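Have a look at upload_4.tsv; it's TSV, C-alpha atoms and all ligand atoms:
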chain	number	residue	atom	x	y	z
A	1	MET	CA	-44.72	57.02	16.11
A	2	ARG	CA	-41.10	56.26	16.89
A	3	PHE	CA	-41.97	53.96	19.84
A	4	PRO	CA	-45.10	51.97	20.62
A	5	LEU	CA	-47.65	54.04	22.53
A	6	SER	CA	-47.62	51.50	25.39
A	7	LEU	CA	-43.95	52.27	26.06
A	8	THR	CA	-44.44	56.05	26.03
A	9	ALA	CA	-47.54	55.80	28.24
A	10	ASN	CA	-45.81	53.45	30.68
A	11	LEU	CA	-42.77	55.70	30.95
A	12	THR	CA	-44.79	58.92	31.31
A	13	LYS	CA	-46.87	57.43	34.12
A	14	TYR	CA	-43.74	56.14	35.87
A	15	LEU	CA	-41.91	59.49	35.62
A	16	ALA	CA	-44.97	61.42	36.82
A	17	GLY	CA	-45.20	59.13	39.88
A	18	LYS	CA	-41.52	59.70	40.68
A	19	ALA	CA	-41.90	63.48	40.28
A	20	ILE	CA	-44.92	63.55	42.60
A	21	ARG	CA	-42.99	61.59	45.24
A	22	GLY	CA	-39.94	63.84	44.76
A	23	GLU	CA	-37.59	60.89	44.14
A	24	LYS	CA	-34.21	61.84	42.70
A	25	LYS	CA	-32.36	58.58	41.96
A	26	PHE	CA	-34.46	55.92	40.30
A	27	PRO	CA	-33.99	53.45	37.44
A	28	LEU	CA	-35.43	53.81	33.95
A	29	VAL	CA	-33.99	50.71	32.29
A	30	MET	CA	-32.93	47.62	34.21
A	31	MET	CA	-30.06	45.83	32.48
A	32	LEU	CA	-30.81	42.21	33.31
A	33	GLU	CA	-28.07	39.68	32.59
A	34	PRO	CA	-29.47	36.25	33.42
A	35	LEU	CA	-26.17	34.73	32.27
A	36	HIS	CA	-22.83	35.79	30.81
A	37	ALA	CA	-22.27	32.78	28.58
A	38	CYS	CA	-22.34	33.51	24.86
A	39	ASN	CA	-21.97	31.55	21.66
A	40	LEU	CA	-19.69	34.31	20.27
A	41	THR	CA	-16.43	36.02	21.29
A	42	CYS	CA	-16.88	39.54	19.90
A	43	THR	CA	-13.77	41.74	19.79
A	44	GLY	CA	-15.20	44.65	21.81
A	45	CYS	CA	-17.17	42.64	24.43
A	46	GLY	CA	-16.14	43.19	28.06
A	47	ARG	CA	-18.59	40.72	29.57
A	48	ILE	CA	-17.17	37.39	28.43
A	49	ARG	CA	-13.74	38.60	29.59
A	50	GLU	CA	-14.64	40.22	32.91
A	51	TYR	CA	-16.86	37.33	34.01
A	52	LYS	CA	-14.70	34.52	32.64
A	53	GLY	CA	-14.52	32.89	36.08
A	54	THR	CA	-18.33	32.76	36.50
A	55	ILE	CA	-19.28	32.35	32.85
A	56	ASN	CA	-21.28	29.19	33.56
A	57	GLU	CA	-23.37	30.71	36.34
A	58	MET	CA	-26.92	31.83	35.67
A	59	LEU	CA	-29.80	33.41	37.55
A	60	THR	CA	-33.07	31.58	38.06
A	61	VAL	CA	-36.23	33.20	36.67
A	62	GLU	CA	-37.30	33.78	40.29
A	63	GLN	CA	-34.06	35.66	41.07
A	64	CYS	CA	-34.52	37.81	37.96
A	65	ILE	CA	-38.09	38.70	38.91
A	66	ALA	CA	-37.20	39.40	42.53
A	67	ALA	CA	-34.49	41.82	41.33
A	68	LEU	CA	-36.94	43.50	38.95
A	69	ASP	CA	-39.47	43.91	41.76
A	70	ASP	CA	-36.66	45.26	43.93
A	71	CYS	CA	-35.76	48.09	41.52
A	72	GLY	CA	-39.16	48.63	39.81
A	73	ALA	CA	-37.79	49.91	36.47
A	74	PRO	CA	-40.48	50.26	33.77
A	75	ILE	CA	-38.19	48.95	31.00
A	76	VAL	CA	-36.07	45.81	31.10
A	77	SER	CA	-33.19	45.24	28.73
A	78	ILE	CA	-32.45	41.51	28.81
A	79	CYS	CA	-28.83	41.18	27.83
A	80	GLY	CA	-25.83	39.13	28.86
A	81	GLY	CA	-24.13	36.97	27.44
A	82	GLU	CA	-26.58	35.79	24.87
A	83	PRO	CA	-30.09	35.69	26.40
A	84	LEU	CA	-31.38	33.30	23.74
A	85	ILE	CA	-29.18	30.54	25.16
A	86	TYR	CA	-30.79	31.04	28.59
A	87	PRO	CA	-32.90	27.88	29.01
A	88	GLU	CA	-35.97	29.64	30.47
A	89	ILE	CA	-35.95	32.79	28.37
A	90	GLY	CA	-39.58	32.26	27.28
A	91	ARG	CA	-40.83	32.03	30.88
A	92	LEU	CA	-38.66	34.96	31.96
A	93	VAL	CA	-40.14	37.21	29.24
A	94	LYS	CA	-43.67	36.07	30.11
A	95	GLU	CA	-43.17	36.87	33.81
A	96	ILE	CA	-41.76	40.33	33.06
A	97	LEU	CA	-44.61	41.14	30.66
A	98	ALA	CA	-47.09	40.00	33.32
A	99	ARG	CA	-45.71	42.89	35.43
A	100	LYS	CA	-46.65	45.32	32.61
A	101	LYS	CA	-43.02	46.14	31.83
A	102	ASN	CA	-41.53	46.85	28.41
A	103	ILE	CA	-38.74	44.57	27.22
A	104	TYR	CA	-35.80	44.85	24.84
A	105	LEU	CA	-34.29	41.40	24.36
A	106	CYS	CA	-30.73	42.13	23.21
A	107	THR	CA	-29.42	39.32	21.05
A	108	ASN	CA	-26.88	38.50	18.38
A	109	GLY	CA	-29.88	37.08	16.49
A	110	MET	CA	-28.46	33.65	15.75
A	111	PHE	CA	-31.07	31.72	17.75
A	112	ILE	CA	-34.18	33.81	17.06
A	113	ARG	CA	-35.57	31.25	14.63
A	114	LYS	CA	-34.90	28.36	17.01
A	115	ARG	CA	-36.66	29.97	20.00
A	116	LEU	CA	-39.27	32.18	18.37
A	117	GLN	CA	-42.19	29.95	19.34
A	118	GLU	CA	-41.48	30.64	23.03
A	119	PHE	CA	-42.62	34.27	22.63
A	120	LYS	CA	-45.82	36.05	21.64
A	121	PRO	CA	-45.78	39.34	19.73
A	122	THR	CA	-46.84	42.38	21.77
A	123	SER	CA	-46.16	46.11	21.59
A	124	ARG	CA	-44.23	45.77	24.85
A	125	PHE	CA	-41.60	43.38	23.52
A	126	PHE	CA	-38.75	44.07	21.07
A	127	PHE	CA	-36.06	41.80	19.73
A	128	ASN	CA	-33.01	44.08	19.73
A	129	VAL	CA	-30.49	42.60	17.30
A	130	HIS	CA	-26.87	43.68	17.54
A	131	LEU	CA	-25.37	44.46	14.12
A	132	ASP	CA	-22.14	46.41	13.80
A	133	GLY	CA	-22.13	46.72	10.02
A	134	LEU	CA	-22.90	44.84	6.85
A	135	GLU	CA	-21.98	41.19	6.43
A	136	LYS	CA	-18.21	41.44	6.05
A	137	THR	CA	-17.72	44.01	8.82
A	138	HIS	CA	-20.15	42.43	11.26
A	139	ASP	CA	-18.71	38.95	10.89
A	140	LEU	CA	-15.26	40.43	11.46
A	141	CYS	CA	-16.43	42.21	14.67
A	142	VAL	CA	-17.99	39.04	16.05
A	143	GLU	CA	-15.06	36.93	14.86
A	144	ARG	CA	-17.17	34.35	13.03
A	145	ASP	CA	-18.44	34.00	9.45
A	146	GLY	CA	-22.16	33.51	8.90
A	147	VAL	CA	-23.38	35.44	11.95
A	148	PHE	CA	-24.77	38.34	9.91
A	149	ARG	CA	-26.77	36.00	7.69
A	150	ASP	CA	-28.17	34.07	10.66
A	151	ALA	CA	-29.17	37.32	12.35
A	152	ILE	CA	-30.89	38.55	9.18
A	153	GLU	CA	-32.81	35.27	8.87
A	154	GLY	CA	-33.82	35.67	12.52
A	155	ILE	CA	-35.04	39.22	11.87
A	156	LYS	CA	-37.04	38.07	8.86
A	157	ALA	CA	-38.66	35.27	10.88
A	158	ALA	CA	-39.48	37.59	13.78
A	159	LYS	CA	-41.01	40.23	11.50
A	160	ALA	CA	-43.02	37.58	9.62
A	161	ALA	CA	-44.41	36.39	12.97
A	162	GLY	CA	-45.48	39.93	13.90
A	163	PHE	CA	-42.77	40.90	16.41
A	164	LEU	CA	-41.26	44.33	16.90
A	165	VAL	CA	-37.57	44.28	15.99
A	166	CYS	CA	-34.92	46.95	16.36
A	167	SER	CA	-31.20	46.93	15.72
A	168	ASN	CA	-28.35	48.07	17.93
A	169	THR	CA	-25.05	49.26	16.47
A	170	THR	CA	-21.90	50.03	18.44
A	171	ILE	CA	-19.77	52.73	16.86
A	172	TYR	CA	-16.01	52.09	17.01
A	173	LYS	CA	-13.13	54.24	15.80
A	174	GLU	CA	-13.01	52.36	12.51
A	175	THR	CA	-16.78	52.31	11.93
A	176	ASP	CA	-17.71	53.56	8.48
A	177	ILE	CA	-20.86	55.67	9.01
A	178	GLU	CA	-21.80	55.35	5.31
A	179	GLU	CA	-21.87	51.60	5.82
A	180	VAL	CA	-24.10	52.01	8.88
A	181	ALA	CA	-26.49	54.08	6.71
A	182	GLU	CA	-26.53	51.27	4.18
A	183	LEU	CA	-27.17	48.75	6.94
A	184	PHE	CA	-30.13	50.80	8.23
A	185	ALA	CA	-31.49	51.15	4.69
A	186	PHE	CA	-31.32	47.41	4.24
A	187	LEU	CA	-32.93	46.72	7.64
A	188	ARG	CA	-35.74	49.10	6.81
A	189	THR	CA	-36.62	47.06	3.75
A	190	LEU	CA	-37.03	44.09	6.14
A	191	GLY	CA	-39.52	46.07	8.22
A	192	VAL	CA	-37.16	46.65	11.16
A	193	ASP	CA	-38.84	49.09	13.54
A	194	GLY	CA	-35.94	51.21	14.75
A	195	ASN	CA	-32.18	51.56	15.06
A	196	MET	CA	-30.12	52.27	18.18
A	197	LEU	CA	-26.61	53.67	18.22
A	198	SER	CA	-24.01	53.94	20.96
A	199	PRO	CA	-20.29	54.70	21.04
A	200	ALA	CA	-18.11	51.83	22.26
A	201	TYR	CA	-16.66	51.88	25.77
A	202	SER	CA	-13.03	50.96	26.35
A	203	TYR	CA	-13.41	48.05	28.77
A	204	ALA	CA	-10.36	47.42	30.97
A	205	SER	CA	-10.64	43.72	30.10
A	206	VAL	CA	-10.57	44.29	26.32
A	207	GLN	CA	-6.96	44.32	25.18
A	208	THR	CA	-7.55	45.68	21.63
A	209	LYS	CA	-7.56	49.35	22.70
A	210	ASP	CA	-7.13	50.99	19.30
A	211	ILE	CA	-10.77	50.28	18.35
A	212	PHE	CA	-12.09	52.74	20.97
A	213	MET	CA	-12.64	56.50	20.58
A	214	SER	CA	-11.75	59.61	22.57
A	215	ARG	CA	-14.52	62.15	23.34
A	216	GLU	CA	-13.38	64.23	20.36
A	217	ASP	CA	-13.53	61.17	18.10
A	218	VAL	CA	-17.09	60.51	19.34
A	219	HIS	CA	-18.16	64.11	18.61
A	220	GLU	CA	-16.80	63.93	15.09
A	221	LYS	CA	-18.24	60.50	14.40
A	222	PHE	CA	-21.72	61.40	15.62
A	223	GLN	CA	-21.80	64.74	13.78
A	224	ARG	CA	-21.37	62.66	10.65
A	225	ALA	CA	-23.78	59.97	11.88
A	226	SER	CA	-26.55	62.50	12.59
A	227	LYS	CA	-26.34	63.85	9.07
A	228	LEU	CA	-26.42	60.49	7.39
A	229	LEU	CA	-28.82	58.64	9.68
A	230	GLU	CA	-31.56	61.21	10.31
A	231	GLN	CA	-33.65	59.62	7.58
A	232	PHE	CA	-34.10	56.41	9.60
A	233	ASN	CA	-36.17	55.59	12.67
A	234	VAL	CA	-33.19	56.13	14.96
A	235	ILE	CA	-34.34	55.42	18.52
A	236	THR	CA	-31.46	57.14	20.23
A	237	SER	CA	-32.90	60.30	21.79
A	238	PRO	CA	-32.20	63.71	20.19
A	239	ILE	CA	-30.83	65.07	23.48
A	240	TYR	CA	-28.37	62.20	23.83
A	241	MET	CA	-27.40	62.73	20.17
A	242	GLU	CA	-26.68	66.42	20.94
A	243	PHE	CA	-24.38	65.21	23.71
A	244	LEU	CA	-22.66	62.75	21.36
A	245	ARG	CA	-22.14	65.51	18.79
A	246	GLY	CA	-20.53	67.69	21.48
A	247	GLU	CA	-23.34	70.28	21.47
A	248	ARG	CA	-24.31	69.97	25.14
A	249	ASN	CA	-23.08	68.55	28.41
A	250	LEU	CA	-24.81	65.80	30.31
A	251	MET	CA	-23.92	64.30	33.68
A	252	CYS	CA	-23.54	60.57	34.02
A	253	THR	CA	-26.65	59.05	35.60
A	254	ALA	CA	-25.52	55.43	35.76
A	255	TRP	CA	-28.16	54.61	38.39
A	256	GLY	CA	-30.78	55.09	35.63
A	257	ASN	CA	-29.61	51.84	33.96
A	258	PRO	CA	-28.68	49.52	36.83
A	259	THR	CA	-27.27	46.10	35.97
A	260	TYR	CA	-28.22	42.86	37.72
A	261	ASN	CA	-26.35	39.62	37.01
A	262	PRO	CA	-25.42	36.34	38.76
A	263	ARG	CA	-22.97	38.25	41.02
A	264	GLY	CA	-25.62	40.80	42.13
A	265	TRP	CA	-26.20	44.52	41.38
A	266	LYS	CA	-23.13	45.72	39.51
A	267	GLY	CA	-21.75	49.00	40.82
A	268	PRO	CA	-21.27	51.68	39.75
A	269	CYS	CA	-22.49	50.96	36.23
A	270	TYR	CA	-23.02	48.63	33.31
A	271	LEU	CA	-19.39	49.12	32.25
A	272	MET	CA	-17.22	49.38	35.35
A	273	THR	CA	-17.25	47.09	38.36
A	274	ASP	CA	-16.04	48.24	41.76
A	275	GLU	CA	-18.51	46.20	43.77
A	276	HIS	CA	-21.48	43.84	43.48
A	277	HIS	CA	-24.38	44.71	45.79
A	278	LYS	CA	-26.94	42.34	47.25
A	279	THR	CA	-29.91	44.72	46.88
A	280	PHE	CA	-30.86	47.60	44.64
A	281	GLY	CA	-31.20	49.82	47.71
A	282	ASP	CA	-27.62	49.01	48.65
A	283	LEU	CA	-26.41	49.93	45.14
A	284	ILE	CA	-28.25	53.26	45.21
A	285	ASN	CA	-27.48	54.24	48.80
A	286	ASN	CA	-23.93	52.95	49.18
A	287	THR	CA	-22.37	53.88	45.86
A	288	PRO	CA	-20.32	57.12	46.00
A	289	TRP	CA	-21.95	58.49	42.82
A	290	GLU	CA	-20.13	61.83	43.18
A	291	LYS	CA	-16.86	60.02	42.45
A	292	TYR	CA	-17.93	58.82	39.01
A	293	GLY	CA	-18.39	60.49	35.64
A	294	TYR	CA	-16.33	62.71	33.35
A	295	GLY	CA	-13.53	64.54	35.16
A	296	ARG	CA	-13.93	62.49	38.34
A	297	ASP	CA	-12.66	59.02	37.52
A	298	PRO	CA	-10.05	58.37	34.81
A	299	ARG	CA	-12.00	55.30	33.68
A	300	CYS	CA	-14.92	57.62	32.81
A	301	GLU	CA	-12.81	59.99	30.73
A	302	ASN	CA	-13.89	58.80	27.29
A	303	CYS	CA	-17.20	57.25	28.27
A	304	MET	CA	-20.29	58.59	26.48
A	305	VAL	CA	-22.31	55.38	26.41
A	306	GLN	CA	-26.08	55.09	26.29
A	307	SER	CA	-26.35	53.35	29.69
A	308	GLY	CA	-24.58	56.27	31.39
A	309	TYR	CA	-26.01	59.26	29.54
A	310	GLU	CA	-29.14	58.60	27.50
A	311	ALA	CA	-31.43	59.10	30.48
A	312	SER	CA	-29.42	62.02	31.86
A	313	ALA	CA	-31.62	64.81	30.51
A	314	VAL	CA	-34.48	63.29	32.52
A	315	LEU	CA	-32.55	62.08	35.57
A	316	GLY	CA	-29.55	64.36	35.83
A	317	GLY	CA	-31.01	67.83	36.27
A	318	ASN	CA	-29.62	68.92	32.87
A	319	HIS	CA	-33.09	69.67	31.59
A	320	LYS	CA	-33.25	72.67	29.25
A	321	PHE	CA	-36.21	74.75	28.18
A	322	GLY	CA	-37.66	73.12	25.08
A	323	ASP	CA	-36.40	69.58	25.81
A	324	THR	CA	-39.89	68.19	26.48
A	325	TRP	CA	-41.20	69.62	23.21
A	326	LYS	CA	-38.15	68.28	21.38
A	327	MET	CA	-38.72	64.78	22.77
A	328	LEU	CA	-42.44	64.90	21.93
A	329	GLN	CA	-41.74	66.06	18.39
A	330	TRP	CA	-39.15	63.31	18.04
A	331	GLN	CA	-41.59	60.61	19.20
A	332	VAL	CA	-44.35	61.65	16.77
A	333	SER	CA	-42.00	62.21	13.82
A	334	GLY	CA	-40.71	58.64	13.85
A	335	ARG	CA	-42.17	55.63	12.15
A	336	LEU	CA	-42.23	52.05	13.37
A	337	GLY	CA	-42.24	49.19	10.94
A	338	GLY	CA	-39.67	50.27	8.37
A	339	ARG	CA	-40.82	50.20	4.76
A	340	LYS	CA	-40.90	46.53	3.99
A	341	GLY	CA	-40.15	45.82	0.37
A	342	ALA	CA	-39.56	49.53	-0.35
A	343	ASN	CA	-37.11	50.34	-3.08
A	344	ALA	CA	-33.86	51.69	-1.81
A	345	SER	CA	-32.19	54.45	-3.81
A	346	SER	CA	-29.37	53.54	-6.14
A	347	ASN	CA	-26.85	53.65	-3.32
A	348	GLY	CA	-29.00	51.54	-1.01
A	349	ALA	CA	-30.43	54.45	1.01
A	350	PRO	CA	-34.19	55.02	1.24
A	351	LYS	CA	-35.54	58.47	0.47
A	352	GLN	CA	-37.77	59.11	3.50
A	353	ASN	CA	-36.82	61.76	6.04
A	354	GLY	CA	-37.74	63.05	9.47
A	355	ASN	CA	-36.43	61.63	12.71
A	356	GLY	CA	-36.44	64.96	14.51
A	357	HIS	CA	-32.69	65.16	15.17
A	358	LYS	CA	-31.57	68.74	14.79
A	359	THR	CA	-28.60	69.08	12.47
A	360	ASN	CA	-27.31	71.77	10.15
A	361	LYS	CA	-27.88	69.58	7.19
A	362	THR	CA	-30.24	70.13	4.28
A	363	SER	CA	-29.71	66.98	2.21
A	364	THR	CA	-30.18	63.53	3.67
A	365	ALA	CA	-28.96	61.44	0.76
A	366	VAL	CA	-26.22	58.92	1.47
A	367	PRO	CA	-23.24	59.56	-0.79
A	368	ALA	CA	-22.37	56.74	-3.13
A	369	ALA	CA	-19.57	54.57	-1.80
A	370	GLY	CA	-18.37	53.32	-5.18
A	371	ALA	CA	-17.24	49.74	-5.61
A	372	GLN	CA	-17.74	48.99	-1.94
A	373	ALA	CA	-21.37	50.11	-2.17
A	374	ARG	CA	-21.93	47.94	-5.24
A	375	GLU	CA	-20.37	45.00	-3.44
A	376	LYS	CA	-22.76	45.54	-0.53
A	377	GLU	CA	-25.76	45.91	-2.84
A	378	GLU	CA	-24.83	42.56	-4.32
A	379	ALA	CA	-24.77	41.14	-0.77
A	380	PHE	CA	-28.30	42.54	-0.22
A	381	ARG	CA	-29.48	40.91	-3.44
A	382	ILE	CA	-28.12	37.50	-2.41
A	383	LEU	CA	-29.76	37.79	1.01
B	401	LIG	S1	-19.18	57.81	32.97
B	401	LIG	FE1	-20.79	56.73	34.10
B	401	LIG	S2	-21.45	55.04	32.77
B	401	LIG	FE2	-19.47	55.78	32.00
B	401	LIG	S3	-17.95	54.43	32.97
B	401	LIG	FE3	-18.17	56.27	34.29
B	401	LIG	S4	-19.75	55.70	35.80
B	401	LIG	FE4	-19.87	54.21	34.13

Mind converting the file's structure to structure tokens?
Amino acid sequence: MRFPLSLTANLTKYLAGKAIRGEKKFPLVMMLEPLHACNLTCTGCGRIREYKGTINEMLTVEQCIAALDDCGAPIVSICGGEPLIYPEIGRLVKEILARKKNIYLCTNGMFIRKRLQEFKPTSRFFFNVHLDGLEKTHDLCVERDGVFRDAIEGIKAAKAAGFLVCSNTTIYKETDIEEVAELFAFLRTLGVDGNMLSPAYSYASVQTKDIFMSREDVHEKFQRASKLLEQFNVITSPIYMEFLRGERNLMCTAWGNPTYNPRGWKGPCYLMTDEHHKTFGDLINNTPWEKYGYGRDPRCENCMVQSGYEASAVLGGNHKFGDTWKMLQWQVSGRLGGRKGANASSNGAPKQNGNGHKTNKTSTAVPAAGAQAREKEEAFRIL
């Protein structure tokens, strides 16, 4: 199974309830930002720049829970900022789990070891560790040496304690997909349960614009990514991947991933801010959704991010015949838990196949990357 059964069951029940009630705009994943403060200053991060003036503000656990009850999403992505510097993160997770929700705690991984004892392993809770490449690349992206190693130690500790762990990689213009394949191969040997991918969004507040991609760049990058990464437990849906490869259109359904932070409900989406709303109802009912998305707002022109489009096949009326079967096949063809201790092939890539992504490819082997690959293998050995 690609995801824990509890997540699939929870989501299926939720979607069936919405269909019966005929609801059109509802959330799937609540993006909960209890704070925007972070111990890092990553190059592509819009949050620490956009919320510079309120960086020291944080929500109380009670405010977080009230917002969750307000929107009712079945999945909560706790992000920020760095959630593991939120003082009451343990209590917040406990309260959300008590509401039978599924959680992805998105972290740079540096404080997993320090705070691990505040959590209990369950199939409804994932540590989602952000890694943009192997050691050299990742430390460059986050602008600090040693972050990759700390994150890897955190992953090892979490896996040893029985937690579910996935990784999240942002793809930039300069991202080397072969390196991402090597990263996934390495993570699989640590028992990491899945790998997410999303193209970067060009935040207005990020000045380094040449790291971001056009739609055409995204198509090209993800055509390559699909071929190289299909052998891993990629937990980015096959329909969203078709969109990223340029094989189908999806409409933005930003209301499916609403963001709540110390300023309120961020509208229209996780990436752009035109207004903060006091209630979820106000965000849904008073946002002019028809003005946003590709071809409608210049800020949306090159946006293909997960929080805008991954849920679109379900929420956006772009459903095609065969999609349900495709998603089902994808869920059962995946495998949680990596292959801890498994031998990687000579170039660092494991030999297993089958994540259900449709590509034109017949071979899944990662091509050797020469000296660079050997350098990275040496890094694996040291770790
Ligand atoms: S396309 Fe959607 S998710 Fe992307 S920036 Fe526009 S409104 Fe936000």

Neighbourhood of ligand LIG 401 (chain B) at 9 Å, counting only C-alpha atoms and all ligand atoms, reported as a PDB file with C-alpha atoms, in the frame of the given file:
ATOM      1  CA  TYR A 201     -16.660  51.880  25.770  1.00  0.00           C
ATOM      2  CA  SER A 202     -13.030  50.960  26.350  1.00  0.00           C
ATOM      3  CA  TYR A 203     -13.410  48.050  28.770  1.00  0.00           C
ATOM      4  CA  MET A 251     -23.920  64.300  33.680  1.00  0.00           C
ATOM      5  CA  CYS A 252     -23.540  60.570  34.020  1.00  0.00           C
ATOM      6  CA  THR A 253     -26.650  59.050  35.600  1.00  0.00           C
ATOM      7  CA  ALA A 254     -25.520  55.430  35.760  1.00  0.00           C
ATOM      8  CA  TRP A 255     -28.160  54.610  38.390  1.00  0.00           C
ATOM      9  CA  ASN A 257     -29.610  51.840  33.960  1.00  0.00           C
ATOM     10  CA  GLY A 267     -21.750  49.000  40.820  1.00  0.00           C
ATOM     11  CA  PRO A 268     -21.270  51.680  39.750  1.00  0.00           C
ATOM     12  CA  CYS A 269     -22.490  50.960  36.230  1.00  0.00           C
ATOM     13  CA  TYR A 270     -23.020  48.630  33.310  1.00  0.00           C
ATOM     14  CA  LEU A 271     -19.390  49.120  32.250  1.00  0.00           C
ATOM     15  CA  MET A 272     -17.220  49.380  35.350  1.00  0.00           C
ATOM     16  CA  THR A 273     -17.250  47.090  38.360  1.00  0.00           C
ATOM     17  CA  TRP A 289     -21.950  58.490  42.820  1.00  0.00           C
ATOM     18  CA  LYS A 291     -16.860  60.020  42.450  1.00  0.00           C
ATOM     19  CA  TYR A 292     -17.930  58.820  39.010  1.00  0.00           C
ATOM     20  CA  GLY A 293     -18.390  60.490  35.640  1.00  0.00           C
ATOM     21  CA  TYR A 294     -16.330  62.710  33.350  1.00  0.00           C
ATOM     22  CA  ARG A 296     -13.930  62.490  38.340  1.00  0.00           C
ATOM     23  CA  ASP A 297     -12.660  59.020  37.520  1.00  0.00           C
ATOM     24  CA  PRO A 298     -10.050  58.370  34.810  1.00  0.00           C
ATOM     25  CA  ARG A 299     -12.000  55.300  33.680  1.00  0.00           C
ATOM     26  CA  CYS A 300     -14.920  57.620  32.810  1.00  0.00           C
ATOM     27  CA  GLU A 301     -12.810  59.990  30.730  1.00  0.00           C
ATOM     28  CA  ASN A 302     -13.890  58.800  27.290  1.00  0.00           C
ATOM     29  CA  CYS A 303     -17.200  57.250  28.270  1.00  0.00           C
ATOM     30  CA  MET A 304     -20.290  58.590  26.480  1.00  0.00           C
ATOM     31  CA  VAL A 305     -22.310  55.380  26.410  1.00  0.00           C
ATOM     32  CA  GLN A 306     -26.080  55.090  26.290  1.00  0.00           C
ATOM     33  CA  SER A 307     -26.350  53.350  29.690  1.00  0.00           C
ATOM     34  CA  GLY A 308     -24.580  56.270  31.390  1.00  0.00           C
ATOM     35  CA  TYR A 309     -26.010  59.260  29.540  1.00  0.00           C
TER      36      TYR A 309
END

Check which residues of segment 170-280 of chain A sit at most 12 Å from segment 4-10 of chain A using all atoms listed in the file, and return one row each with the closest pair of atoms and their distance in Å to one decimal, ordered by chain and rising number, as CSV.
residue,atom,partner,partner_atom,distance
A:Asp193,CA,A:Pro4,CA,9.9
A:Gly194,CA,A:Pro4,CA,10.9
A:Ile235,CA,A:Pro4,CA,11.5

Sorted per-residue table, segment 122-167 of chain A near segment 36-59 of chain A, closest atoms and distance, 9 Å, all atoms listed in the file, as a Markdown table:
| residue | atom | partner | partner_atom | distance |
| --- | --- | --- | --- | --- |
| A:Leu140 | CA | A:Thr43 | CA | 8.6 |
| A:Cys141 | CA | A:Thr43 | CA | 5.8 |
| A:Val142 | CA | A:Cys42 | CA | 4.0 |
| A:Glu143 | CA | A:Cys42 | CA | 6.0 |
| A:Arg144 | CA | A:Leu40 | CA | 7.7 |

Go ahead and fit an axis-aligned box to every listed atom of segment 37-55 of chain A plus 3 Å each side, and pass me the centre and edge lengths in Å, one decimal, as JSON.
{"center_x": -18.0, "center_y": 38.1, "center_z": 28.1, "size_x": 14.6, "size_y": 19.1, "size_z": 22.7}

> Rounded to one decimal in Å, what is the spacing between atom CA of Met110 of chain A and atom CA of Glu153 of chain A?
Replying inline: 8.3 Å

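In terms of minimum interatomic distance to Phe163 of chain A, A:Leu336 ranks closest within A:Leu336, A:Met196, A:Glu216, A:Met30, counting all atoms listed in the file.
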
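You will find atom CA of Ile20 of chain A at 21.2 Å from atom CA of Gly322 of chain A.
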
>> Please determine, counting all atoms listed in the file, which residue among A:Gly81, A:Ala311, A:Ala200, A:Gly337 has the shortest atom-to-atom distance to Gly162 of chain A.
In response: A:Gly337

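In this structure, atom CA of Gln117 of chain A sits 13.0 Å away from atom CA of Lys159 of chain A.
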
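Each of A:Phe222, A:Phe321, A:Phe232, A:Phe148 was checked against Arg188 of chain A using all atoms listed in the file; the smallest atom-to-atom distance is that of A:Phe232.
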
>> Could you list, as a ChimeraX atom specification, every residue within 9 Å of Ile155 of chain A, counting only C-alpha atoms and ignoring same-chain residues fewer than 6 positions away?
In response: /A:109,112-113,127,129,165-166,187,190-192

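Residues of protein, DNA or RNA having at least one counted atom within 12 Å of (-43.4, 59.3, 36.6), given all atoms listed in the file, are Thr8, Ala9, Asn10, Leu11, Thr12, Lys13, Tyr14, Leu15, Ala16, Gly17, Lys18, Ala19, Ile20, Arg21, Gly22, Glu23, Lys24, Phe26, Pro27, Leu28, Gly72, Ala73, Pro74, Val314 and Leu315 of chain A.
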
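Among A:Gly133, A:Pro121, A:Pro34, A:Gly146, the residue with the shortest atom-to-atom distance to Cys106 of chain A, counting only C-alpha atoms, is A:Pro34.
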
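Non-sequential neighbours of Lys94 of chain A (distance at most 9 Å, separation of 4 or more positions within a chain, only C-alpha atoms) are Ile89, Gly90, Ala98, Arg99, Phe119 and Lys120 of chain A.
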
>> Taking only C-alpha atoms into account, name the residue in A:Ala157, A:Ile85, A:Leu328, A:Val180 that is nearest to Leu228 of chain A.
In response: A:Val180

> Taking (-28.6, 39.4, 38.8) in the file's coordinates as the center, which residues reach within 6 Å of it, counting all atoms listed in the file, put as a ChimeraX atom specification?
Replying inline: /A:260-262,264

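Of the residues under consideration (A:Leu116, A:Ile239, A:Met31, A:Ile211), A:Met31 shows the shortest atom-to-atom contact distance to Val76 of chain A when counting only C-alpha atoms.
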
>> So that I can see what lies close to Gly246 of chain A, please list as a VMD selection string the residues with an atom at most 9 Å from it, counting all atoms listed in the file and leaving out residues fewer than 3 positions away in the same chain.
In response: chain A and resid 215 to 216 218 to 220 222 to 223 241 to 243 249
